[in-house]
Amino acid sequence: MAQSHRNLLEAAVAEGIRRFVPAEYANDVGRFPIPPSSEADKLHFREHAAHVCRLHEIEYTLICNGIIMDFFLPRGKKKYLADLPPKLLNVLPVDAEADPPRVVVLGWPGDGISMTLADDIARGVVRLLLLPYGSWNEITYLSGDRVSWEDAAEILGRILDRKVETRYIPLEDLKWEVGEARESGDLMRIECAELNEAFGNGSEVLPANTSCFEGMQTTKFEQVMREYYGKGST
């Protein structure tokens, strides 16, 4: 990812582009500036982009949008994301297609996790582009919805009219698994463990939305679940 964005930034500089938006950052990079080791290239590129953009007077912002809600859509129904390989399905905290359906409550159960549908992220970018040059913050926050993992289980059970298997993993256990994964040297295990830690350590609990998104209608988690998993959905 970092190399492709370096290429885009170089092209922007060459063409005299005055604004640049790097790839999304799901977590709150203000409070959690150091990414997981499996995503270390994000930090390196972020530092590179800050230097280049300031040098060439290019306005930029890092968009923090929480978890992309599209990950929870049924297989074959995602517009912008590829389906995860079967061996990686267990990495998602919400799996409505499992039998029984399951939700893993990671970290603190009451945290309102920020999550945003990809279409709403696109609408947010359009709003940003309509702002006058010089008005962007270095970090932009956009949460389409805020849902705790416990609430997600309740919503899913109500929509499916089925009991949802709910498993609790405290933050201490998530951190322990990260350590074990790193010792094992298994890159896939490391990535999954670090992702679960990010889902449970508060880094996906974003501050209030940036003011330019005031009044913007966003799709809620329950709407998405009802549309794709409710009675009559196809």
# chains A, B, ... in the order shown; residues from 1 in each chain; ligands from 1
call {"tool": "select_by_dssp", "arguments": {"residues": "range 37-227 of chain A", "states": "helix (DSSP H, G or I)", "output": "PyMOL selection string"}}
result
chain A and resi 37-55+69-72+86-91+118-130+149-160+171-184+187-200+211-213+221-227
call {"tool": "residues_around", "arguments": {"residues": "Asp83 in chain A", "least_positions_apart": "2", "cutoff": "12 Å", "atoms": "only C-alpha atoms", "output": "list in words"}}
result
Asp70, Phe71, Phe72, Leu73, Pro74, Arg75, Gly76, Lys77, Lys78, Lys79, Tyr80, Leu81, Pro85, Pro86, Lys87, Leu88, Leu89 and Leu92 of chain A
call {"tool": "residues_around", "arguments": {"residues": "Ala14 in chain A", "least_positions_apart": "6", "cutoff": "12 Å", "atoms": "only C-alpha atoms", "output": "ChimeraX atom specification"}}
result
/A:7-8,52,56,58
call {"tool": "write_last_selection", "arguments": {"atoms": "all heavy atoms", "output": "short mmCIF file (atom, residue, chain, number, x, y, z; two decimals), in the first residue's frame"}}
result
data_model
loop_
_atom_site.label_atom_id
_atom_site.label_comp_id
_atom_site.auth_asym_id
_atom_site.auth_seq_id
_atom_site.Cartn_x
_atom_site.Cartn_y
_atom_site.Cartn_z
N ASN A 7 3.76 6.58 -5.01
CA ASN A 7 3.66 6.86 -6.44
C ASN A 7 2.60 7.92 -6.72
O ASN A 7 2.80 8.83 -7.53
CB ASN A 7 3.34 5.58 -7.21
CG ASN A 7 4.45 4.55 -7.13
OD1 ASN A 7 5.59 4.87 -6.80
ND2 ASN A 7 4.12 3.30 -7.42
N LEU A 8 1.45 7.79 -6.05
CA LEU A 8 0.38 8.78 -6.23
C LEU A 8 0.82 10.16 -5.76
O LEU A 8 0.54 11.17 -6.41
CB LEU A 8 -0.87 8.34 -5.46
CG LEU A 8 -1.66 7.17 -6.04
CD1 LEU A 8 -2.74 6.73 -5.06
CD2 LEU A 8 -2.30 7.56 -7.37
N VAL A 52 6.55 15.74 2.48
CA VAL A 52 6.42 16.13 1.08
C VAL A 52 5.31 17.17 0.89
O VAL A 52 5.48 18.15 0.17
CB VAL A 52 6.15 14.89 0.20
CG1 VAL A 52 5.81 15.29 -1.23
CG2 VAL A 52 7.36 13.96 0.21
N HIS A 56 5.81 21.05 -0.52
CA HIS A 56 5.23 21.50 -1.79
C HIS A 56 3.88 22.20 -1.61
O HIS A 56 3.17 22.42 -2.58
CB HIS A 56 5.06 20.29 -2.72
CG HIS A 56 6.37 19.67 -3.14
ND1 HIS A 56 7.13 20.17 -4.17
CD2 HIS A 56 7.05 18.61 -2.63
CE1 HIS A 56 8.23 19.43 -4.30
NE2 HIS A 56 8.20 18.48 -3.38
N ILE A 58 1.09 21.24 -0.35
CA ILE A 58 -0.07 20.41 -0.68
C ILE A 58 -0.87 20.18 0.60
O ILE A 58 -0.32 19.74 1.61
CB ILE A 58 0.36 19.05 -1.28
CG1 ILE A 58 1.12 19.27 -2.60
CG2 ILE A 58 -0.84 18.14 -1.49
CD1 ILE A 58 1.70 17.99 -3.18
#
call {"tool": "closest_residue", "arguments": {"among": "A:Ala122, A:Val105, A:Ser37, A:Arg167", "to": "Leu187 in chain A", "atoms": "only C-alpha atoms"}}
result
A:Ser37
call {"tool": "residues_around", "arguments": {"residues": "range 15-22 of chain A", "least_positions_apart": "6", "cutoff": "7 Å", "atoms": "only C-alpha atoms", "output": "JSON, numbers by chain"}}
result
{"A": [5, 58, 59, 60, 61, 62]}
call {"tool": "atom_distance", "arguments": {"atom1": "CA of Ser38 in chain A", "atom2": "CA of Met115 in chain A"}}
result
21.1 Å
call {"tool": "residues_around", "arguments": {"residues": "range 225-229 of chain A", "least_positions_apart": "4", "cutoff": "10 Å", "atoms": "only C-alpha atoms", "output": "list in words"}}
result
Met69, Phe72, Leu73, Pro74, Lys77, Ala96, Glu97, Ala152, Ile155, Leu156, Arg158, Ile159, Leu160, Lys220, Phe221, Ser233 and Thr234 of chain A
call {"tool": "residues_around", "arguments": {"residues": "Ile113 in chain A", "least_positions_apart": "6", "cutoff": "7 Å", "atoms": "only C-alpha atoms", "output": "JSON, numbers by chain"}}
result
{"A": [146, 147, 148, 204, 205]}
call {"tool": "select_by_dssp", "arguments": {"residues": "range 84-115 of chain A", "states": "strand (DSSP E or B)", "output": "VMD selection string"}}
result
chain A and resid 94 to 95 102 to 106 113 to 115
call {"tool": "residues_around", "arguments": {"residues": "Val126 in chain A", "least_positions_apart": "3", "cutoff": "12 Å", "atoms": "only C-alpha atoms", "output": "list of chain:residue names"}}
result
A:Val21, A:Asp119, A:Asp120, A:Ile121, A:Ala122, A:Arg123, A:Leu129, A:Leu130, A:Leu131, A:Cys212, A:Phe213, A:Met216
call {"tool": "closest_residue", "arguments": {"among": "A:Ala11, A:Met188, A:Ile169, A:Leu128", "to": "Gly200 in chain A", "atoms": "only C-alpha atoms"}}
result
A:Ile169
call {"tool": "closest_residue", "arguments": {"among": "A:Val104, A:Leu171, A:Glu177, A:Ala193", "to": "Asp151 in chain A", "atoms": "only C-alpha atoms"}}
result
A:Val104
call {"tool": "atom_distance", "arguments": {"atom1": "CA of Trp149 in chain A", "atom2": "CA of Asp41 in chain A"}}
result
28.6 Å
call {"tool": "closest_residue", "arguments": {"among": "A:Arg6, A:Thr210, A:Ile67, A:Gly157", "to": "Gly230 in chain A", "atoms": "only C-alpha atoms"}}
result
A:Gly157
